[in-house]
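Content type mmCIF, C-alpha atoms and all ligand atoms, from the file input.cif:
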```cif
data_model
#
loop_
_atom_site.label_atom_id
_atom_site.label_comp_id
_atom_site.auth_asym_id
_atom_site.auth_seq_id
_atom_site.Cartn_x
_atom_site.Cartn_y
_atom_site.Cartn_z
CA MET C 605 75.53 52.24 206.85
CA HIS C 606 72.89 49.55 207.37
CA GLN C 607 70.65 48.54 204.46
CA LYS C 608 67.49 49.31 206.45
CA GLY C 609 66.76 52.19 208.74
CA THR C 610 66.12 51.81 212.49
CA ASN C 611 63.20 53.12 214.51
CA PRO C 612 64.05 56.77 215.38
CA LYS C 613 63.23 56.24 219.07
CA LYS C 614 65.72 53.37 219.20
CA VAL C 615 68.32 55.52 217.44
CA LEU C 616 67.83 58.33 219.96
CA ASP C 617 67.90 55.92 222.92
CA GLU C 618 71.23 54.64 221.66
CA LEU C 619 72.56 58.18 221.29
CA ARG C 620 71.51 59.01 224.87
CA ILE C 621 73.51 56.01 226.12
CA ILE C 622 76.53 57.01 224.01
CA GLN C 623 76.33 60.61 225.27
CA LYS C 624 76.62 59.38 228.89
CA HIS C 625 80.18 58.22 228.10
CA ASN C 626 81.27 61.83 227.54
CA GLN C 627 82.46 64.02 230.39
CA GLN C 628 79.52 66.13 231.65
CA TYR C 629 79.83 69.82 232.55
CA GLU C 630 77.30 69.28 235.37
CA THR C 631 79.76 67.19 237.40
CA GLY C 632 81.90 70.29 237.88
CA LYS C 633 84.98 68.22 237.09
CA ILE C 634 85.77 69.75 233.69
CA LEU C 635 88.53 72.17 234.60
CA CYS C 636 90.52 72.19 231.36
CA SER C 637 88.05 73.53 228.80
CA MET C 638 87.55 77.06 227.53
CA CYS C 639 84.04 76.07 226.50
CA THR C 640 81.24 75.57 228.99
CA LYS C 641 77.66 74.42 229.30
CA PRO C 642 75.85 76.81 226.96
CA HIS C 643 73.19 79.08 228.44
CA PRO C 644 69.78 77.29 228.28
CA ILE C 645 68.46 79.86 225.80
CA ALA C 646 71.35 79.07 223.42
CA LYS C 647 70.00 75.55 222.93
CA LYS C 648 66.47 76.78 222.23
CA ALA C 649 67.68 79.42 219.77
CA TYR C 650 69.97 76.90 218.09
CA THR C 651 67.10 74.45 217.61
CA LEU C 652 64.86 77.19 216.18
CA PHE C 653 67.44 78.15 213.55
CA PHE C 654 69.18 74.85 212.94
CA GLU C 655 68.12 74.76 209.28
CA SER C 656 69.54 78.22 208.48
CA ASN C 657 72.57 78.48 206.23
CA LEU C 658 74.49 81.75 206.45
CA GLY C 659 76.39 80.72 203.35
CA ASP C 660 73.25 81.37 201.31
CA THR C 661 71.80 84.49 202.88
CA GLY C 662 69.33 85.21 200.08
CA LEU C 663 67.36 82.24 201.42
CA PHE C 664 67.78 83.20 205.06
CA PRO C 665 67.68 87.01 205.21
CA ALA C 666 66.25 87.02 208.73
CA THR C 667 69.15 84.91 209.99
CA ALA C 668 71.59 87.20 208.18
CA GLN C 669 69.98 90.08 210.06
CA LEU C 670 70.52 88.20 213.35
CA GLU C 671 74.18 87.72 212.47
CA GLN C 672 74.50 91.42 211.66
CA GLU C 673 72.90 92.38 214.98
CA THR C 674 75.17 89.98 216.87
CA ILE C 675 78.25 91.47 215.21
CA THR C 676 76.98 94.99 215.94
CA GLN C 677 76.60 94.11 219.63
CA LEU C 678 80.14 92.74 219.69
CA ALA C 679 81.44 95.79 217.82
CA ASP C 680 79.78 98.06 220.36
CA LEU C 681 81.21 96.07 223.28
CA LEU C 682 84.67 96.20 221.70
CA ASN C 683 84.47 99.98 221.28
CA CYS C 684 84.04 100.43 217.55
CA LYS C 685 80.39 100.64 216.53
CA THR C 686 81.32 100.58 212.83
CA ALA C 687 83.46 97.41 212.96
CA GLU C 688 82.24 94.65 210.67
CA GLY C 689 82.70 90.92 210.65
CA PHE C 690 81.18 87.48 210.82
CA ILE C 691 80.09 84.69 213.06
CA VAL C 692 82.41 81.81 212.17
CA SER C 693 83.18 78.31 213.37
CA GLY C 694 85.52 79.39 216.17
CA GLY C 695 88.76 81.09 217.10
CA THR C 696 90.79 79.05 214.63
CA GLU C 697 88.77 80.22 211.64
CA ALA C 698 88.67 83.79 212.96
CA ASN C 699 92.46 83.91 213.35
CA LEU C 700 92.90 82.35 209.91
CA LEU C 701 90.64 84.99 208.36
CA ALA C 702 92.53 87.82 210.09
CA LEU C 703 95.85 86.60 208.69
CA THR C 704 94.34 85.92 205.26
CA ALA C 705 93.02 89.49 205.06
CA ALA C 706 96.39 90.90 206.18
CA ARG C 707 98.31 88.79 203.68
CA ASN C 708 96.02 89.65 200.78
CA GLN C 709 96.03 93.33 201.65
CA THR C 710 99.79 93.67 201.95
CA GLN C 711 100.77 91.45 198.99
CA LYS C 712 104.27 90.72 200.30
CA ALA C 713 106.33 88.15 198.44
CA GLU C 714 107.75 86.65 201.66
CA PRO C 715 105.11 87.44 204.29
CA GLU C 716 105.93 87.27 208.00
CA VAL C 717 103.71 87.60 211.08
CA ILE C 718 104.96 88.53 214.56
CA LEU C 719 103.42 86.37 217.27
CA PRO C 720 103.87 86.05 221.03
CA GLU C 721 105.50 82.75 222.00
CA SER C 722 102.23 82.05 223.78
CA ALA C 723 100.10 82.44 220.60
CA HIS C 724 97.39 79.82 220.16
CA PHE C 725 98.30 76.92 217.89
CA SER C 726 95.62 78.05 215.44
CA PHE C 727 98.24 80.53 214.17
CA THR C 728 100.58 77.63 213.38
CA LYS C 729 97.78 76.16 211.25
CA ALA C 730 97.08 79.53 209.62
CA CYS C 731 100.78 80.11 208.84
CA ASN C 732 101.04 76.63 207.31
CA LEU C 733 97.97 77.12 205.15
CA LEU C 734 98.83 80.66 204.08
CA LYS C 735 102.60 80.13 203.72
CA ILE C 736 103.35 82.94 206.16
CA GLN C 737 106.58 82.81 208.17
CA PRO C 738 105.83 83.04 211.92
CA LYS C 739 108.30 85.14 213.97
CA TYR C 740 107.94 84.49 217.68
CA ALA C 741 108.58 87.18 220.30
CA PRO C 742 109.60 86.02 223.81
CA LEU C 743 107.55 86.50 226.98
CA ASP C 744 108.30 88.18 230.31
CA ASN C 745 108.05 86.52 233.73
CA ASN C 746 104.28 86.98 233.71
CA PHE C 747 104.00 85.16 230.38
CA ARG C 748 103.15 88.34 228.46
CA VAL C 749 104.94 89.20 225.27
CA LYS C 750 107.69 91.83 225.54
CA PRO C 751 106.82 94.84 223.37
CA TYR C 752 110.45 95.69 222.53
CA GLU C 753 110.96 92.11 221.31
CA VAL C 754 107.91 92.54 219.10
CA GLU C 755 109.28 95.80 217.72
CA SER C 756 112.67 94.26 217.03
CA LEU C 757 111.04 91.71 214.72
CA VAL C 758 109.30 94.28 212.50
CA ASN C 759 110.71 94.40 208.98
CA LYS C 760 109.60 95.02 205.39
CA ASN C 761 107.98 91.56 205.18
CA THR C 762 105.77 91.97 208.26
CA ILE C 763 102.11 91.69 207.30
CA ALA C 764 100.69 91.73 210.84
CA ILE C 765 101.43 91.68 214.54
CA VAL C 766 99.34 89.42 216.79
CA ALA C 767 98.80 89.68 220.54
CA THR C 768 96.56 87.71 222.86
CA ALA C 769 93.95 88.98 225.30
CA GLY C 770 93.58 85.91 227.49
CA SER C 771 96.03 83.24 226.35
CA ALA C 772 94.75 79.70 226.01
CA GLU C 773 97.37 78.27 228.33
CA LEU C 774 97.48 80.78 231.18
CA GLY C 775 94.87 83.45 230.52
CA ALA C 776 97.65 86.05 230.16
CA ILE C 777 96.87 89.41 228.60
CA ASP C 778 99.66 90.82 226.44
CA PRO C 779 100.55 94.55 226.76
CA ILE C 780 98.22 95.39 223.92
CA GLU C 781 98.32 99.16 224.45
CA SER C 782 102.11 99.28 223.86
CA ILE C 783 101.93 96.93 220.90
CA SER C 784 99.09 98.96 219.39
CA GLU C 785 101.46 101.97 219.32
CA ILE C 786 104.21 99.91 217.69
CA ALA C 787 101.77 98.67 215.03
CA GLU C 788 100.43 102.15 214.38
CA ASN C 789 103.88 103.76 214.18
CA ASN C 790 104.97 101.12 211.69
CA LYS C 791 101.61 101.11 209.80
CA ILE C 792 101.18 97.36 210.31
CA ASN C 793 97.95 95.42 210.85
CA PHE C 794 97.45 94.47 214.49
CA HIS C 795 95.24 91.48 215.24
CA VAL C 796 94.13 90.81 218.82
CA ASP C 797 93.23 87.22 219.61
CA ALA C 798 90.58 87.75 222.27
CA ALA C 799 88.89 84.42 221.52
CA PHE C 800 88.75 83.77 225.26
CA GLY C 801 89.21 87.18 226.90
CA GLY C 802 86.93 89.18 224.60
CA LEU C 803 83.83 88.25 226.57
CA ILE C 804 85.50 88.51 229.99
CA ILE C 805 87.73 91.58 230.00
CA PRO C 806 84.87 94.06 229.30
CA PHE C 807 83.10 92.66 232.38
CA LEU C 808 85.98 92.67 234.86
CA PRO C 809 85.02 94.46 238.09
CA LYS C 810 88.05 96.79 238.11
CA ASN C 811 91.12 97.89 236.18
CA SER C 812 90.28 96.25 232.85
CA PRO C 813 93.31 96.48 230.61
CA LYS C 814 92.69 98.14 227.24
CA PHE C 815 92.67 95.47 224.56
CA ASP C 816 90.12 96.38 221.92
CA PHE C 817 89.33 98.91 219.17
CA GLN C 818 89.59 101.84 221.61
CA LEU C 819 93.31 101.40 220.90
CA SER C 820 93.69 102.98 217.49
CA GLY C 821 96.35 100.51 216.30
CA VAL C 822 94.07 97.46 216.70
CA THR C 823 92.77 96.47 213.25
CA SER C 824 91.00 93.15 213.91
CA ILE C 825 89.78 91.08 216.85
CA THR C 826 88.84 87.44 217.36
CA VAL C 827 86.12 86.98 219.99
CA ASP C 828 84.35 83.67 220.53
CA PRO C 829 80.79 83.55 221.86
CA HIS C 830 81.18 79.76 222.31
CA LYS C 831 83.74 80.25 225.09
CA MET C 832 82.87 82.71 227.90
CA GLY C 833 79.92 83.94 225.82
CA MET C 834 78.02 80.70 226.64
CA ALA C 835 76.65 80.35 223.09
CA ALA C 836 76.34 76.96 221.39
CA ILE C 837 79.37 75.32 219.79
CA PRO C 838 80.40 76.31 217.08
CA THR C 839 80.17 80.10 217.47
CA GLY C 840 83.30 82.14 216.84
CA GLY C 841 83.59 85.77 215.84
CA ILE C 842 85.89 87.92 213.73
CA LEU C 843 85.67 91.70 213.56
CA PHE C 844 87.60 94.21 211.41
CA ARG C 845 87.81 97.90 212.22
CA ASN C 846 87.89 98.86 208.58
CA LYS C 847 85.13 97.56 206.31
CA LYS C 848 87.50 97.78 203.32
CA MET C 849 89.57 94.99 204.87
CA LEU C 850 86.70 92.60 204.12
CA ASN C 851 87.39 92.97 200.38
CA ASN C 852 90.57 91.00 201.00
CA LEU C 853 88.43 88.01 201.97
CA LYS C 854 85.82 88.26 199.23
CA THR C 855 85.15 85.18 197.08
CA GLU C 856 82.57 85.17 194.30
CA THR C 857 79.86 82.53 194.61
CA PRO C 858 78.32 82.11 191.15
CA TYR C 859 75.38 79.74 191.80
CA LEU C 860 74.09 80.90 195.20
CA SER C 861 71.39 83.39 196.17
CA THR C 862 74.13 85.92 197.03
CA ASP C 863 77.11 86.79 194.88
CA SER C 864 79.94 86.54 197.42
CA GLN C 865 81.20 85.06 200.68
CA TYR C 866 83.92 86.19 203.06
CA THR C 867 84.39 83.26 205.42
CA LEU C 868 86.32 80.01 205.07
CA THR C 869 83.36 77.67 205.33
CA GLY C 870 80.73 77.85 202.60
CA THR C 871 77.71 76.47 204.37
CA ARG C 872 77.70 78.31 207.69
CA SER C 873 75.55 77.70 210.75
CA GLY C 874 72.79 80.27 211.21
CA ALA C 875 71.93 78.45 214.43
CA SER C 876 75.26 79.62 215.86
CA ALA C 877 74.44 83.27 215.18
CA ALA C 878 70.96 82.79 216.65
CA SER C 879 72.38 81.20 219.79
CA ALA C 880 74.82 84.09 220.37
CA TRP C 881 72.09 86.65 219.64
CA ALA C 882 69.81 84.94 222.17
CA VAL C 883 72.40 84.78 224.97
CA PHE C 884 73.55 88.38 224.40
CA ASN C 885 69.98 89.60 224.64
CA ALA C 886 68.97 87.36 227.54
CA LEU C 887 71.99 88.21 229.70
CA GLY C 888 72.93 91.73 228.67
CA GLN C 889 76.13 93.23 230.07
CA GLU C 890 74.73 92.95 233.59
CA GLY C 891 74.25 89.19 233.23
CA TYR C 892 77.76 88.66 231.87
CA ARG C 893 79.21 90.83 234.64
CA LYS C 894 77.57 88.54 237.25
CA ILE C 895 78.87 85.40 235.56
CA VAL C 896 82.39 86.79 235.26
CA ARG C 897 82.32 87.91 238.89
CA ARG C 898 81.36 84.39 239.99
CA CYS C 899 84.11 82.77 237.88
CA LEU C 900 86.70 85.18 239.29
CA SER C 901 85.51 84.61 242.84
CA ASN C 902 85.82 80.82 242.41
CA THR C 903 89.26 81.32 240.86
CA GLU C 904 90.32 83.44 243.82
CA TYR C 905 89.01 80.80 246.22
CA LEU C 906 90.96 78.04 244.47
CA VAL C 907 94.13 80.11 244.23
CA GLY C 908 93.88 80.67 248.01
CA GLN C 909 93.56 76.92 248.54
CA ILE C 910 96.52 76.26 246.22
CA HIS C 911 98.55 78.63 248.35
CA ASN C 912 97.39 77.10 251.66
CA LEU C 913 98.16 73.59 250.44
CA GLY C 914 101.73 74.59 249.60
CA PHE C 915 101.55 74.32 245.80
CA LYS C 916 103.50 76.81 243.70
CA LEU C 917 101.44 79.17 241.58
CA LEU C 918 103.07 79.73 238.18
CA CYS C 919 102.03 83.40 237.99
CA LYS C 920 99.35 85.71 239.33
CA PRO C 921 96.14 84.90 237.41
CA GLU C 922 94.71 87.74 235.33
CA LEU C 923 91.47 86.00 234.39
CA ASN C 924 89.69 82.80 235.42
CA VAL C 925 92.67 80.60 234.55
CA PHE C 926 95.52 79.60 236.86
CA ALA C 927 98.41 77.17 236.82
CA PHE C 928 100.44 75.53 239.56
CA GLN C 929 103.32 73.18 240.16
CA THR C 930 104.23 70.59 242.76
CA GLN C 931 106.86 67.87 243.04
CA ASN C 932 106.28 65.51 240.08
CA THR C 933 103.58 67.71 238.62
CA LYS C 934 102.95 65.36 235.69
CA GLU C 935 102.37 62.39 238.00
CA PHE C 936 100.11 64.51 240.18
CA ALA C 937 98.10 65.53 237.09
CA GLU C 938 97.70 61.86 236.16
CA LYS C 939 96.50 61.05 239.69
CA LEU C 940 93.87 63.79 239.44
CA TRP C 941 92.68 62.50 236.06
CA LYS C 942 92.31 59.00 237.54
CA LYS C 943 90.01 60.53 240.16
CA GLY C 944 87.91 62.07 237.40
CA TRP C 945 89.30 65.62 237.53
CA CYS C 946 89.81 66.88 233.98
CA ILE C 947 92.75 69.26 234.27
CA SER C 948 95.48 70.08 231.73
CA TYR C 949 99.14 69.36 232.11
CA ILE C 950 101.31 71.81 230.14
CA PRO C 951 104.69 70.21 229.42
CA ARG C 952 106.52 73.38 228.42
CA TYR C 953 105.80 75.01 231.78
CA GLU C 954 105.56 71.71 233.69
CA CYS C 955 102.39 72.89 235.33
CA ILE C 956 98.76 71.94 235.87
CA ARG C 957 96.34 74.40 234.30
CA VAL C 958 92.84 75.03 235.62
CA VAL C 959 90.12 77.00 233.83
CA VAL C 960 87.26 78.10 236.07
CA MET C 961 84.34 78.36 233.65
CA PRO C 962 80.70 79.23 234.44
CA HIS C 963 79.79 75.55 234.97
CA ILE C 964 82.09 75.49 238.03
CA LYS C 965 80.09 76.33 241.13
CA ARG C 966 81.59 76.97 244.58
CA VAL C 967 80.62 73.44 245.67
CA HIS C 968 82.73 72.04 242.79
CA ALA C 969 85.66 74.32 243.64
CA LYS C 970 85.50 73.07 247.23
CA ALA C 971 85.41 69.44 246.06
CA PHE C 972 88.45 70.08 243.85
CA ALA C 973 90.32 71.69 246.77
CA THR C 974 89.56 68.60 248.88
CA ALA C 975 90.81 66.35 246.07
CA LEU C 976 94.03 68.38 245.84
CA LYS C 977 94.57 67.95 249.57
CA THR C 978 93.82 64.21 249.53
CA GLU C 979 95.93 63.41 246.48
CA LYS C 980 98.86 65.47 247.74
CA LEU C 981 99.31 63.24 250.83
C1 LIG N 1 93.21 82.46 222.70
C2 LIG N 1 92.62 81.42 221.80
N1 LIG N 1 92.67 81.60 220.46
C3 LIG N 1 92.14 80.72 219.61
C4 LIG N 1 91.54 79.57 220.05
C5 LIG N 1 90.97 78.59 219.06
O1 LIG N 1 89.58 78.58 219.17
P1 LIG N 1 88.69 77.38 218.59
O2 LIG N 1 89.10 76.17 219.38
O3 LIG N 1 87.30 77.84 218.85
O4 LIG N 1 89.01 77.25 217.15
C6 LIG N 1 91.48 79.32 221.43
C7 LIG N 1 90.87 78.10 221.95
O5 LIG N 1 90.82 77.86 223.11
C8 LIG N 1 92.01 80.29 222.32
O6 LIG N 1 91.96 80.13 223.65
#
```
Would you put the structure from the file into structure tokens?
Amino acid sequence: MHQKGTNPKKVLDELRIIQKHNQQYETGKILCSMCTKPHPIAKKAYTLFFESNLGDTGLFPATAQLEQETITQLADLLNCKTAEGFIVSGGTEANLLALTAARNQTQKAEPEVILPESAHFSFTKACNLLKIQPKYAPLDNNFRVKPYEVESLVNKNTIAIVATAGSAELGAIDPIESISEIAENNKINFHVDAAFGGLIIPFLPKNSPKFDFQLSGVTSITVDPHKMGMAAIPTGGILFRNKKMLNNLKTETPYLSTDSQYTLTGTRSGASAASAWAVFNALGQEGYRKIVRRCLSNTEYLVGQIHNLGFKLLCKPELNVFAFQTQNTKEFAEKLWKKGWCISYIPRYECIRVVVMPHIKRVHAKAFATALKTEKL
């Protein structure tokens, strides 16, 4: 830190120059992120509430009310009006909280959690922190976990089963209905990681798979407004069907304006809750349905192009994520990056992964298709 301060205008000018060195959503070339350009109202709401601390709700009761209303809207969308939870920093914290609650509730000496092989790496972090043994169940040809493999891993140490509604790598939706039955029959907590899919699947035009609290075995759900919800970063969400489960997360907070907290972070952004509240209210289900429809239509367009250009699709996309292969896929991915296309290369499937988020317009999808054609030659 310098001894003397600098003129704020100069500081901001410098920041604006620095910011230009980041990738910009507006170029339409970010095709590897599950976040997107937040809805314009998210920024305004965030700015209005940027001083609010949800870790000290006695000082910010109005923001706490906004959080409550945001959670209630999510609970309603996910088919359990009485579910309770919190706006947290993201999917990682939400998944960590779900496993923490399950571990504390079950009190097993050697806790284990059953995960799909496709589970997000946040569960690896959670298992490390919580000293839970992860047990991985294999996937089928569509990259969905096999329910009978899940069932075969259940034993007296199992504290929870996890499934994913919209996997980070391929957007795959596990057979959550079957796993819900397994969890219920064995009286085991069942956490659904819908960090990505939770704000898409309810808005799919047809044949939405069941993935939420309407399945009686589902006990908790991660759903992130900062992904397809178009809220500001960081805005994650965790919901529990049973309010009693929250007691397993309770920590006393002796010197604050409230006597307890339930989340990992102490100081917690009220601006995040306000941004989600604002986008939910501005868009409504109709607004989200339109956005999801556009993302799916652009995905379909690109998948058609992938097919026409002779690339090999890894599997039929379920959401706005697809993956493909070619000869020397890794080299091809590097070529695309050099041309400014931000795509992911997934080594374990040797494929290129594309996420078609709301900032991708048809004109961008067309430009990407042209780039694929040019670079393939
Ligand atoms: C399915 C899934 N779970 C969890 C996460 C982790 O979320 P975050 O990066 O917000 O912590 C992601 C991130 O993309 C995800 O796709």
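Among the candidates C:Lys920, C:His625, C:Lys847, C:His830, the one nearest to ligand LIG 1 (chain N) when counting all atoms listed in the file is C:His830.
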Can you pull out every residue with an atom within 7 Å of ligand LIG 1 (chain N)? Use only C-alpha atoms and all ligand atoms and format it as an NGL selection string.
:C and (638 or 693-697 or 724 or 726 or 768 or 770-772 or 797-800 or 828 or 840)
Contacts of Pro962 of chain C within 9 Å, all atoms listed in the file, excl. fewer than 5 positions in-chain, as JSON, numbers by chain
{"C": [640, 641, 832, 834, 895, 896, 898, 899]}
Kindly indicate which residue among C:Val958, C:Cys919, C:Ala713, C:Ile964 lies nearest to Asn746 of chain C, using all atoms listed in the file for the distances.
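Counting all atoms listed in the file, the residue closest to Asn746 of chain C is C:Cys919.
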C:Gln818, C:Thr933, C:Thr651, C:Thr855 ranked by distance to Asn683 of chain C, top pick (using all atoms listed in the file)
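Distance minimum relative to Asn683 of chain C lands on C:Gln818.
One finds atom CA of Asn626 of chain C at 23.6 Å from atom CA of Thr610 of chain C.
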Excluding Leu700 of chain C and residues on its chain fewer than 4 positions from it, collect all residues at most 12 Å away from it, counting all atoms listed in the file, and give them as an NGL selection string.
:C and (692-696 or 704-707 or 724-736 or 766 or 795 or 797 or 824-826 or 840-842 or 853 or 866-869)
Could you jot down the atom CA of Cys639 of chain C to atom CA of Leu913 of chain C separation for me, Å, one decimal place?
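Between atom CA of Cys639 of chain C and atom CA of Leu913 of chain C the gap is 27.9 Å.
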A straight line from atom CA of Ala776 of chain C to atom CA of Gln677 of chain C spans 24.9 Å
Could you list, as a ChimeraX atom specification, every residue within 12 Å of Pro858 of chain C, counting only C-alpha atoms and ignoring same-chain residues fewer than 6 positions away?
/C:660,864-865
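You can rank C:Leu658, C:Val749, C:Lys633, C:Lys685 by their closest distance to Phe972 of chain C using all atoms listed in the file, and at the top of that list sits C:Lys633.
Proximity ranking of C:Glu785, C:Asp617, C:Glu979, C:Glu655 relative to Gly874 of chain C places C:Glu655 first, based on only C-alpha atoms.
Proximity of C:Gln627, C:Thr974, C:Asn924, C:Thr862 to Leu774 of chain C, computed with only C-alpha atoms, is greatest for C:Asn924.
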Tell me which residues come within 12 Å of (99.5, 91.2, 215.2), as a ChimeraX atom specification, counting all atoms listed in the file in the file's coordinates.
/C:699,702-703,706-707,716-720,723,727,738-741,749,751,754-755,757-758,762-769,778,780,783-788,790-798,821-826
Enumerate, as an MDAnalysis selection string, the protein, DNA and RNA residues whose atoms approach (71.0, 78.2, 224.9) to within 12 Å, taking into account all atoms listed in the file and the coordinate frame of the file.
chainID C and resid 640:653 829:830 833:837 839 875:887
Let me have the centre and edge lengths of the axis-aligned box enclosing all listed atoms of segment 762-779 of chain C with 8 Å padding on every side, in Å to one decimal, as AutoDock Vina command-line options.
```
--center_x 99.7 --center_y 86.4 --center_z 219.2 --size_x 28.2 --size_y 32.3 --size_z 39.9
```
Write out as a PyMOL selection string the residues lying within 10 Å of Ile950 of chain C, counting all atoms listed in the file and excluding same-chain residues fewer than 4 positions away.
chain C and resi 773-774+927+933-934+937+954-957
